file upload-v3.txt (compact mmCIF, C-alpha atoms (C1' of nucleotides))
# COMPACT_ATOMS: atom_id res chain seq x y z
CA MET S 779 -37.03 -70.45 -14.54
CA VAL S 780 -38.23 -74.00 -14.19
CA ASN S 781 -40.97 -75.61 -16.22
CA GLN S 782 -43.36 -76.19 -13.36
CA SER S 783 -45.85 -78.06 -15.53
CA LYS S 784 -43.55 -81.06 -15.48
CA ILE S 785 -43.73 -81.30 -11.71
CA ASP S 786 -46.59 -83.13 -10.03
CA MET S 787 -46.33 -81.50 -6.62
CA PRO S 788 -49.02 -82.54 -4.12
CA SER S 789 -50.59 -79.85 -1.97
CA ASP S 790 -48.78 -78.57 1.09
CA GLU S 791 -51.26 -80.44 3.24
CA ILE S 792 -50.66 -83.79 1.53
CA ILE S 793 -46.90 -83.28 1.65
CA PHE S 794 -47.13 -82.42 5.32
CA ASP S 795 -49.23 -85.50 6.09
CA ILE S 796 -46.89 -87.82 4.22
CA ALA S 797 -43.89 -86.37 6.03
CA GLU S 798 -45.70 -86.75 9.36
CA LEU S 799 -46.41 -90.39 8.55
CA PHE S 800 -42.77 -91.15 7.79
CA LYS S 801 -41.72 -89.25 10.90
CA VAL S 802 -43.64 -91.86 12.90
CA PHE S 803 -41.62 -94.61 11.20
CA GLY S 804 -38.43 -92.67 11.89
CA ASP S 805 -37.78 -93.86 15.42
CA SER S 806 -36.09 -97.08 16.55
CA THR S 807 -38.49 -97.75 19.40
CA ARG S 808 -41.57 -97.38 17.21
CA MET S 809 -39.88 -99.47 14.52
CA ARG S 810 -39.34 -102.27 17.07
CA ILE S 811 -42.94 -102.02 18.20
CA ILE S 812 -44.11 -102.37 14.60
CA CYS S 813 -41.79 -105.33 14.09
CA ALA S 814 -43.08 -107.05 17.21
CA LEU S 815 -46.68 -106.59 16.08
CA ARG S 816 -46.15 -108.04 12.60
CA GLU S 817 -47.15 -111.57 13.59
CA ASN S 818 -49.10 -111.22 16.83
CA GLU S 819 -51.14 -108.78 18.79
CA LEU S 820 -49.42 -107.89 22.04
CA CYS S 821 -50.23 -106.04 25.22
CA VAL S 822 -48.25 -103.05 26.48
CA GLY S 823 -46.32 -105.05 29.04
CA ASP S 824 -45.25 -107.64 26.48
CA ILE S 825 -44.06 -104.97 24.08
CA ALA S 826 -42.13 -103.34 26.90
CA GLU S 827 -40.48 -106.68 27.70
CA ILE S 828 -39.59 -107.39 24.07
CA THR S 829 -38.13 -103.96 23.48
CA ASN S 830 -36.46 -103.59 26.89
CA MET S 831 -38.27 -100.34 27.54
CA THR S 832 -40.54 -99.19 30.36
CA ALA S 833 -44.29 -99.62 29.91
CA SER S 834 -44.60 -95.87 30.19
CA ALA S 835 -42.26 -95.18 27.30
CA ILE S 836 -44.07 -97.79 25.21
CA SER S 837 -47.44 -96.33 26.07
CA HIS S 838 -46.28 -92.91 24.93
CA GLN S 839 -45.09 -94.36 21.62
CA LEU S 840 -48.26 -96.41 21.15
CA ARG S 841 -50.24 -93.20 21.41
CA ILE S 842 -48.24 -91.74 18.54
CA LEU S 843 -48.71 -94.92 16.48
CA LYS S 844 -52.43 -94.84 17.25
CA GLN S 845 -52.78 -91.20 16.17
CA ALA S 846 -51.09 -92.06 12.88
CA LYS S 847 -53.53 -94.95 12.43
CA LEU S 848 -50.68 -97.45 12.32
CA VAL S 849 -51.94 -99.54 15.23
CA LYS S 850 -55.32 -100.36 16.66
CA TYR S 851 -56.26 -101.89 20.02
CA ARG S 852 -58.83 -103.88 21.89
CA LYS S 853 -59.36 -104.07 25.62
CA GLU S 854 -59.79 -107.21 27.65
CA GLY S 855 -60.25 -106.30 31.27
CA LYS S 856 -57.27 -104.27 32.28
CA ILE S 857 -55.15 -105.60 29.46
CA VAL S 858 -54.93 -103.64 26.19
CA TYR S 859 -53.93 -105.59 23.10
CA TYR S 860 -52.36 -103.68 20.25
CA SER S 861 -52.07 -104.81 16.64
CA LEU S 862 -51.13 -103.28 13.30
CA ASP S 863 -53.96 -101.30 11.77
CA ASP S 864 -53.61 -102.52 8.19
CA ASP S 865 -51.26 -104.14 5.70
CA HIS S 866 -49.78 -100.81 4.56
CA VAL S 867 -47.76 -100.64 7.73
CA VAL S 868 -45.86 -103.83 6.95
CA GLN S 869 -45.56 -102.84 3.29
CA ILE S 870 -43.92 -99.54 4.17
CA PHE S 871 -41.66 -101.28 6.67
CA ASN S 872 -40.62 -103.83 4.06
CA LYS S 873 -39.82 -101.19 1.44
CA GLY S 874 -37.57 -99.45 3.93
CA ARG S 875 -35.89 -102.70 4.86
CA GLU S 876 -35.29 -103.52 1.20
CA HIS S 877 -33.58 -100.21 0.64
CA ILE S 878 -31.37 -100.71 3.69
CA GLU S 879 -30.41 -104.30 3.06
CA GLU S 880 -29.46 -103.99 -0.57
CA VAL S 881 -27.09 -101.05 -0.30
CA MET W 618 -43.41 -113.82 29.65
CA VAL W 619 -43.72 -113.49 25.91
CA ASN W 620 -42.99 -116.22 23.41
CA GLN W 621 -40.05 -114.50 21.74
CA SER W 622 -39.69 -117.22 19.12
CA LYS W 623 -42.75 -115.86 17.37
CA ILE W 624 -41.12 -112.48 16.87
CA ASP W 625 -38.81 -111.86 13.92
CA MET W 626 -36.95 -108.89 15.34
CA PRO W 627 -34.12 -107.59 13.15
CA SER W 628 -30.85 -106.64 14.81
CA ASP W 629 -30.53 -103.30 16.58
CA GLU W 630 -28.34 -102.09 13.74
CA ILE W 631 -30.89 -102.94 11.05
CA ILE W 632 -33.71 -101.40 13.08
CA PHE W 633 -31.63 -98.28 13.58
CA ASP W 634 -30.81 -98.00 9.88
CA ILE W 635 -34.44 -98.44 8.84
CA ALA W 636 -35.54 -95.79 11.34
CA GLU W 637 -32.82 -93.45 10.07
CA LEU W 638 -34.04 -93.97 6.51
CA PHE W 639 -37.62 -93.09 7.38
CA LYS W 640 -36.40 -90.11 9.40
CA VAL W 641 -35.05 -88.71 6.15
CA PHE W 642 -38.51 -89.07 4.56
CA GLY W 643 -40.06 -87.45 7.62
CA ASP W 644 -39.56 -83.81 6.65
CA SER W 645 -41.76 -81.69 4.39
CA THR W 646 -38.89 -79.96 2.64
CA ARG W 647 -37.15 -83.21 1.78
CA MET W 648 -40.48 -84.70 0.73
CA ARG W 649 -41.00 -81.81 -1.70
CA ILE W 650 -37.48 -82.23 -3.04
CA ILE W 651 -38.16 -85.91 -3.69
CA CYS W 652 -41.47 -85.04 -5.37
CA ALA W 653 -39.80 -82.51 -7.62
CA LEU W 654 -37.16 -85.03 -8.66
CA ARG W 655 -39.60 -87.79 -9.57
CA GLU W 656 -39.82 -86.80 -13.25
CA ASN W 657 -36.75 -84.68 -13.92
CA GLU W 658 -33.28 -84.05 -12.67
CA LEU W 659 -32.98 -80.53 -11.30
CA CYS W 660 -30.24 -78.19 -10.12
CA VAL W 661 -30.13 -76.69 -6.64
CA GLY W 662 -31.46 -73.31 -7.76
CA ASP W 663 -34.44 -74.87 -9.53
CA ILE W 664 -35.32 -76.95 -6.49
CA ALA W 665 -35.07 -73.83 -4.36
CA GLU W 666 -37.43 -72.02 -6.69
CA ILE W 667 -39.95 -74.86 -6.80
CA THR W 668 -39.98 -75.29 -3.05
CA ASN W 669 -39.81 -71.58 -2.17
CA MET W 670 -36.74 -72.14 -0.04
CA THR W 671 -33.26 -70.63 -0.09
CA ALA W 672 -30.56 -72.46 -2.05
CA SER W 673 -28.67 -72.82 1.21
CA ALA W 674 -31.51 -74.62 2.96
CA ILE W 675 -31.94 -76.90 -0.06
CA SER W 676 -28.25 -77.66 -0.19
CA HIS W 677 -28.30 -78.68 3.46
CA GLN W 678 -31.22 -81.02 2.83
CA LEU W 679 -29.66 -82.43 -0.33
CA ARG W 680 -26.64 -83.42 1.70
CA ILE W 681 -28.89 -85.43 4.01
CA LEU W 682 -30.65 -87.06 1.04
CA LYS W 683 -27.26 -87.84 -0.51
CA GLN W 684 -25.96 -89.46 2.69
CA ALA W 685 -29.07 -91.65 2.79
CA LYS W 686 -28.42 -92.65 -0.83
CA LEU W 687 -31.79 -91.28 -1.88
CA VAL W 688 -30.39 -88.85 -4.46
CA LYS W 689 -27.36 -88.77 -6.71
CA TYR W 690 -25.82 -85.89 -8.65
CA ARG W 691 -23.74 -84.93 -11.63
CA LYS W 692 -21.81 -81.72 -12.18
CA GLU W 693 -21.89 -79.61 -15.32
CA GLY W 694 -19.62 -76.64 -14.85
CA LYS W 695 -20.83 -74.81 -11.80
CA ILE W 696 -24.29 -76.35 -11.98
CA VAL W 697 -25.03 -79.49 -9.96
CA TYR W 698 -27.91 -81.65 -11.17
CA TYR W 699 -29.63 -83.88 -8.65
CA SER W 700 -31.82 -86.89 -9.36
CA LEU W 701 -33.36 -89.76 -7.41
CA ASP W 702 -30.90 -92.54 -6.74
CA ASP W 703 -33.16 -95.49 -7.52
CA ASP W 704 -36.77 -96.57 -7.86
CA HIS W 705 -37.12 -97.48 -4.19
CA VAL W 706 -37.38 -93.83 -3.33
CA VAL W 707 -40.54 -93.35 -5.38
CA GLN W 708 -41.92 -96.68 -4.18
CA ILE W 709 -41.56 -95.68 -0.55
CA PHE W 710 -43.05 -92.28 -1.29
CA ASN W 711 -46.03 -93.88 -3.05
CA LYS W 712 -46.70 -96.30 -0.20
CA GLY W 713 -46.79 -93.38 2.20
CA ARG W 714 -49.07 -91.42 -0.07
CA GLU W 715 -51.43 -94.39 -0.40
CA HIS W 716 -51.73 -94.66 3.35
CA ILE W 717 -52.47 -90.94 3.69
CA GLU W 718 -54.94 -90.65 0.86
CA GLU W 719 -57.11 -93.62 1.67
CA VAL W 720 -57.78 -92.86 5.32
C1' DT P 1264 -63.81 -101.83 51.21
C1' DT P 1265 -58.55 -102.03 50.28
C1' DA P 1266 -54.63 -103.73 47.64
C1' DA P 1267 -52.55 -104.99 43.49
C1' DT P 1268 -51.91 -104.76 38.55
C1' DA P 1269 -51.99 -102.71 33.74
C1' DT P 1270 -52.01 -98.76 31.31
C1' DA P 1271 -52.15 -93.82 30.51
C1' DT P 1272 -50.79 -89.07 31.26
C1' DG P 1273 -48.30 -84.60 32.28
C1' DA P 1274 -44.23 -82.14 33.27
C1' DA P 1275 -39.37 -81.75 32.87
C1' DC P 1276 -34.94 -82.53 30.79
C1' DA P 1277 -31.67 -83.63 27.32
C1' DA P 1278 -30.82 -84.31 22.74
C1' DT P 1279 -31.67 -83.69 17.96
C1' DT P 1280 -32.69 -80.91 14.01
C1' DA P 1281 -34.32 -77.38 10.25
C1' DT P 1282 -33.52 -72.88 8.88
C1' DT P 1283 -31.02 -68.58 8.62
C1' DC P 1284 -27.09 -65.90 7.96
C1' DA P 1285 -22.48 -65.04 6.71
C1' DA P 1286 -18.66 -66.67 4.59
C1' DA P 1287 -16.11 -69.90 1.63
C1' DT P 1288 -15.49 -72.68 -2.52
C1' DG P 1289 -15.29 -73.47 -7.38
C1' DA P 1290 -16.21 -72.48 -12.17
C1' DA P 1291 -17.29 -69.49 -15.96
C1' DA P 1292 -17.41 -64.79 -17.93
C1' DA P 1293 -15.58 -60.21 -18.54
C1' DT K 459 -6.71 -60.76 -13.37
C1' DT K 460 -11.38 -59.48 -11.29
C1' DT K 461 -16.24 -60.21 -11.21
C1' DT K 462 -20.22 -62.92 -11.18
C1' DC K 463 -22.86 -66.95 -10.41
C1' DA K 464 -24.05 -71.61 -8.28
C1' DT K 465 -23.34 -74.21 -4.59
C1' DT K 466 -21.49 -75.56 -0.16
C1' DT K 467 -20.33 -75.07 4.60
C1' DG K 468 -20.25 -73.77 9.64
C1' DA K 469 -22.17 -71.56 13.51
C1' DA K 470 -26.15 -69.99 15.87
C1' DT K 471 -30.93 -70.14 17.13
C1' DA K 472 -35.48 -71.88 17.74
C1' DA K 473 -38.38 -75.63 17.77
C1' DT K 474 -39.38 -80.42 18.19
C1' DT K 475 -39.10 -84.79 20.43
C1' DG K 476 -38.03 -89.31 23.29
C1' DT K 477 -37.47 -90.84 27.82
C1' DT K 478 -37.95 -90.62 32.74
C1' DC K 479 -40.38 -89.97 36.82
C1' DA K 480 -44.32 -89.29 39.47
C1' DT K 481 -48.97 -89.59 39.46
C1' DA K 482 -53.59 -90.78 37.80
C1' DT K 483 -57.07 -93.94 36.05
C1' DA K 484 -59.26 -98.29 35.54
C1' DT K 485 -59.96 -103.07 36.38
C1' DT K 486 -59.56 -107.23 39.08
C1' DA K 487 -58.50 -109.75 43.34
C1' DA K 488 -58.59 -110.18 48.22
call {"tool": "encode", "arguments": {"input": "upload-v3.txt", "output": "structure tokens"}}
result
Amino acid sequence: MVNQSKIDMPSDEIIFDIAELFKVFGDSTRMRIICALRENELCVGDIAEITNMTASAISHQLRILKQAKLVKYRKEGKIVYYSLDDDHVVQIFNKGREHIEEV
Amino acid sequence: MVNQSKIDMPSDEIIFDIAELFKVFGDSTRMRIICALRENELCVGDIAEITNMTASAISHQLRILKQAKLVKYRKEGKIVYYSLDDDHVVQIFNKGREHIEEV
DNA sequence: TTAATATATGAACAATTATTCAAATGAAAA
DNA sequence: TTTTCATTTGAATAATTGTTCATATATTAA
């Protein structure tokens, strides 16, 4: 038997949401999109060019990033500019990069 | 055409490794294991009890956490105690939790 | 209006993955 | 030794997921 009082276990819902958030970070294409958006806002076509992917594939991934509140967008005519939603996104990215680069 | 000089894009290998790292965080079971290990080291059976999973399922997930250098272990007879490998793990977890809980 | 461009969407396919179950280690106890 | 306990491992299955392709929507240009 374990002493459960020593364990600060968040609710199933919180755990699920945190895991879902990291799942969004857990894909190379989305990681490249996040990297590209660190300094500038970019439209779908530009992101597709930078990542060497089709605009369709990028659009699908942007939808996932949008749902996770990691990116936001603004429309200008037929162009849609995407940018990172807040500073957390870069902070999480940097923590991951630190772990990778110092092992 | 995009001005690529403005984009600090890590190498494909680094991007891949970062995505792989977050993929490991992107699972509820592994998230609960990490939570349980934040304060104490625990053996496989205890983790199984805390998470309501079979020891086999936990062992499979611990192997993944071990490969990602997120947990380490020590043996004492037939018992294997697992603990978090370094402070990064909790830091990444906390950043994720912050993002979830403040939206 | 029609044509062209940028983005989004839905279905389909291939690939990955978490859990279960059964069996195999490995270590201590009887 | 044999038994028991803790953990690991491999195969199988079900479920999830990223990309492609074709098509749809929306905006601007002609």
call {"tool": "interface_residues", "arguments": {"input": "upload-v3.txt", "of": "chain S", "to": "chain K", "cutoff": "12 Å", "atoms": "all atoms listed in the file", "output": "list in words"}}
result
Lys801, Val802, Gly804, Asp805, Ser806, Thr807, Arg808, Met831, Thr832, Ala833, Ser834, Ala835, Ile836, Ser837, His838, Gln839, Ile842, Lys853, Glu854, Gly855, Lys856, Ile857 and Val858 of chain S
call {"tool": "atom_distance", "arguments": {"input": "upload-v3.txt", "atom1": "atom CA of Asp824 of chain S", "atom2": "atom C1' of DT1265 of chain P"}}
result
27.8 Å
call {"tool": "interface_residues", "arguments": {"input": "upload-v3.txt", "of": "chain P", "to": "chain S", "cutoff": "9 Å", "atoms": "only C-alpha atoms (C1' of nucleotides)", "output": "MDAnalysis selection string"}}
result
chainID P and resid 1268:1272
call {"tool": "write_last_selection", "arguments": {"input": "upload-v3.txt", "atoms": "C-alpha atoms (C1' of nucleotides)", "output": "CSV table (one decimal), in the coordinates of the input"}}
result
chain,number,residue,atom,x,y,z
P,1268,DT,C1',-51.9,-104.8,38.6
P,1269,DA,C1',-52.0,-102.7,33.7
P,1270,DT,C1',-52.0,-98.8,31.3
P,1271,DA,C1',-52.2,-93.8,30.5
P,1272,DT,C1',-50.8,-89.1,31.3
call {"tool": "interface_residues", "arguments": {"input": "upload-v3.txt", "of": "chain W", "to": "chain S", "cutoff": "9 Å", "atoms": "all atoms listed in the file", "output": "PyMOL selection string"}}
result
chain W and resi 618-619+621+623-627+629+631-649+652-657+659+663-664+666-667+686+705-706+708-710+712-718+720
call {"tool": "atom_distance", "arguments": {"input": "upload-v3.txt", "atom1": "atom C1' of DG1273 of chain P", "atom2": "atom CA of Leu840 of chain S"}}
result
16.2 Å
call {"tool": "atom_distance", "arguments": {"input": "upload-v3.txt", "atom1": "atom CA of Val868 of chain S", "atom2": "atom CA of Leu701 of chain W"}}
result
23.7 Å
call {"tool": "axis_aligned_box", "arguments": {"input": "upload-v3.txt", "around": "segment 662-671 of chain W", "padding_each_side": "3 Å", "output": "AutoDock Vina command-line options"}}
result
--center_x -35.7 --center_y -73.8 --center_z -4.8 --size_x 14.5 --size_y 12.3 --size_z 15.5
call {"tool": "residues_around", "arguments": {"input": "upload-v3.txt", "residues": "Tyr699 of chain W", "least_positions_apart": "5", "cutoff": "7 Å", "atoms": "only C-alpha atoms (C1' of nucleotides)", "output": "list in words"}}
result
Glu658, Leu659, Cys660, Val688, Lys689, Tyr690 and Arg691 of chain W
call {"tool": "build_atoms", "arguments": {"input": "upload-v3.txt", "residues": "segment 625-655 of chain W", "atoms": "N, CA and C atoms", "output": "PDB file, keeping the file's coordinate frame"}}
result
ATOM      1  N   ASP W 625     -39.957-111.996  14.812  1.00  0.00           N
ATOM      2  CA  ASP W 625     -38.810-111.860  13.920  1.00  0.00           C
ATOM      3  C   ASP W 625     -38.281-110.441  14.050  1.00  0.00           C
ATOM      4  N   MET W 626     -37.468-110.240  15.070  1.00  0.00           N
ATOM      5  CA  MET W 626     -36.950-108.890  15.340  1.00  0.00           C
ATOM      6  C   MET W 626     -35.568-108.724  14.717  1.00  0.00           C
ATOM      7  N   PRO W 627     -35.438-107.822  13.755  1.00  0.00           N
ATOM      8  CA  PRO W 627     -34.120-107.590  13.150  1.00  0.00           C
ATOM      9  C   PRO W 627     -33.139-107.072  14.200  1.00  0.00           C
ATOM     10  N   SER W 628     -31.879-107.107  13.879  1.00  0.00           N
ATOM     11  CA  SER W 628     -30.850-106.640  14.810  1.00  0.00           C
ATOM     12  C   SER W 628     -31.029-105.153  15.099  1.00  0.00           C
ATOM     13  N   ASP W 629     -30.473-104.721  16.226  1.00  0.00           N
ATOM     14  CA  ASP W 629     -30.530-103.300  16.580  1.00  0.00           C
ATOM     15  C   ASP W 629     -30.002-102.427  15.457  1.00  0.00           C
ATOM     16  N   GLU W 630     -28.963-102.898  14.793  1.00  0.00           N
ATOM     17  CA  GLU W 630     -28.340-102.090  13.740  1.00  0.00           C
ATOM     18  C   GLU W 630     -29.299-101.915  12.555  1.00  0.00           C
ATOM     19  N   ILE W 631     -29.937-103.009  12.160  1.00  0.00           N
ATOM     20  CA  ILE W 631     -30.890-102.940  11.050  1.00  0.00           C
ATOM     21  C   ILE W 631     -32.066-102.033  11.417  1.00  0.00           C
ATOM     22  N   ILE W 632     -32.604-102.247  12.608  1.00  0.00           N
ATOM     23  CA  ILE W 632     -33.710-101.400  13.080  1.00  0.00           C
ATOM     24  C   ILE W 632     -33.297 -99.929  13.049  1.00  0.00           C
ATOM     25  N   PHE W 633     -32.115 -99.656  13.549  1.00  0.00           N
ATOM     26  CA  PHE W 633     -31.630 -98.280  13.580  1.00  0.00           C
ATOM     27  C   PHE W 633     -31.534 -97.705  12.166  1.00  0.00           C
ATOM     28  N   ASP W 634     -30.984 -98.488  11.260  1.00  0.00           N
ATOM     29  CA  ASP W 634     -30.810 -98.000   9.880  1.00  0.00           C
ATOM     30  C   ASP W 634     -32.153 -97.754   9.198  1.00  0.00           C
ATOM     31  N   ILE W 635     -33.114 -98.633   9.436  1.00  0.00           N
ATOM     32  CA  ILE W 635     -34.440 -98.440   8.840  1.00  0.00           C
ATOM     33  C   ILE W 635     -35.073 -97.170   9.400  1.00  0.00           C
ATOM     34  N   ALA W 636     -34.977 -96.994  10.720  1.00  0.00           N
ATOM     35  CA  ALA W 636     -35.540 -95.790  11.340  1.00  0.00           C
ATOM     36  C   ALA W 636     -34.861 -94.543  10.779  1.00  0.00           C
ATOM     37  N   GLU W 637     -33.545 -94.597  10.621  1.00  0.00           N
ATOM     38  CA  GLU W 637     -32.820 -93.450  10.070  1.00  0.00           C
ATOM     39  C   GLU W 637     -33.298 -93.122   8.653  1.00  0.00           C
ATOM     40  N   LEU W 638     -33.546 -94.184   7.879  1.00  0.00           N
ATOM     41  CA  LEU W 638     -34.040 -93.970   6.510  1.00  0.00           C
ATOM     42  C   LEU W 638     -35.378 -93.246   6.532  1.00  0.00           C
ATOM     43  N   PHE W 639     -36.302 -93.717   7.345  1.00  0.00           N
ATOM     44  CA  PHE W 639     -37.620 -93.090   7.380  1.00  0.00           C
ATOM     45  C   PHE W 639     -37.545 -91.679   7.959  1.00  0.00           C
ATOM     46  N   LYS W 640     -36.596 -91.449   8.853  1.00  0.00           N
ATOM     47  CA  LYS W 640     -36.400 -90.110   9.400  1.00  0.00           C
ATOM     48  C   LYS W 640     -36.120 -89.114   8.265  1.00  0.00           C
ATOM     49  N   VAL W 641     -35.369 -89.583   7.278  1.00  0.00           N
ATOM     50  CA  VAL W 641     -35.050 -88.710   6.150  1.00  0.00           C
ATOM     51  C   VAL W 641     -36.314 -88.364   5.351  1.00  0.00           C
ATOM     52  N   PHE W 642     -37.227 -89.327   5.236  1.00  0.00           N
ATOM     53  CA  PHE W 642     -38.510 -89.070   4.560  1.00  0.00           C
ATOM     54  C   PHE W 642     -39.432 -88.206   5.425  1.00  0.00           C
ATOM     55  N   GLY W 643     -39.132 -88.093   6.696  1.00  0.00           N
ATOM     56  CA  GLY W 643     -40.060 -87.450   7.620  1.00  0.00           C
ATOM     57  C   GLY W 643     -39.878 -85.957   7.743  1.00  0.00           C
ATOM     58  N   ASP W 644     -39.719 -85.276   6.632  1.00  0.00           N
ATOM     59  CA  ASP W 644     -39.560 -83.810   6.650  1.00  0.00           C
ATOM     60  C   ASP W 644     -40.191 -83.245   5.384  1.00  0.00           C
ATOM     61  N   SER W 645     -41.021 -82.251   5.522  1.00  0.00           N
ATOM     62  CA  SER W 645     -41.760 -81.690   4.390  1.00  0.00           C
ATOM     63  C   SER W 645     -40.852 -81.182   3.280  1.00  0.00           C
ATOM     64  N   THR W 646     -39.802 -80.493   3.657  1.00  0.00           N
ATOM     65  CA  THR W 646     -38.890 -79.960   2.640  1.00  0.00           C
ATOM     66  C   THR W 646     -38.261 -81.080   1.821  1.00  0.00           C
ATOM     67  N   ARG W 647     -37.768 -82.104   2.508  1.00  0.00           N
ATOM     68  CA  ARG W 647     -37.150 -83.210   1.780  1.00  0.00           C
ATOM     69  C   ARG W 647     -38.188 -83.961   0.950  1.00  0.00           C
ATOM     70  N   MET W 648     -39.396 -84.056   1.471  1.00  0.00           N
ATOM     71  CA  MET W 648     -40.480 -84.700   0.730  1.00  0.00           C
ATOM     72  C   MET W 648     -40.753 -83.926  -0.564  1.00  0.00           C
ATOM     73  N   ARG W 649     -40.753 -82.615  -0.493  1.00  0.00           N
ATOM     74  CA  ARG W 649     -41.000 -81.810  -1.700  1.00  0.00           C
ATOM     75  C   ARG W 649     -39.842 -81.935  -2.685  1.00  0.00           C
ATOM     76  N   ILE W 650     -38.631 -82.023  -2.156  1.00  0.00           N
ATOM     77  CA  ILE W 650     -37.480 -82.230  -3.040  1.00  0.00           C
ATOM     78  C   ILE W 650     -37.638 -83.555  -3.787  1.00  0.00           C
ATOM     79  N   ILE W 651     -37.985 -84.595  -3.068  1.00  0.00           N
ATOM     80  CA  ILE W 651     -38.160 -85.910  -3.690  1.00  0.00           C
ATOM     81  C   ILE W 651     -39.268 -85.859  -4.739  1.00  0.00           C
ATOM     82  N   CYS W 652     -40.366 -85.204  -4.409  1.00  0.00           N
ATOM     83  CA  CYS W 652     -41.470 -85.040  -5.370  1.00  0.00           C
ATOM     84  C   CYS W 652     -40.992 -84.358  -6.635  1.00  0.00           C
ATOM     85  N   ALA W 653     -40.253 -83.293  -6.464  1.00  0.00           N
ATOM     86  CA  ALA W 653     -39.800 -82.510  -7.620  1.00  0.00           C
ATOM     87  C   ALA W 653     -38.868 -83.318  -8.506  1.00  0.00           C
ATOM     88  N   LEU W 654     -38.140 -84.250  -7.897  1.00  0.00           N
ATOM     89  CA  LEU W 654     -37.160 -85.030  -8.660  1.00  0.00           C
ATOM     90  C   LEU W 654     -37.742 -86.290  -9.278  1.00  0.00           C
ATOM     91  N   ARG W 655     -39.044 -86.533  -9.068  1.00  0.00           N
ATOM     92  CA  ARG W 655     -39.600 -87.790  -9.570  1.00  0.00           C
ATOM     93  C   ARG W 655     -39.552 -87.892 -11.088  1.00  0.00           C
TER      94      ARG W 655
END
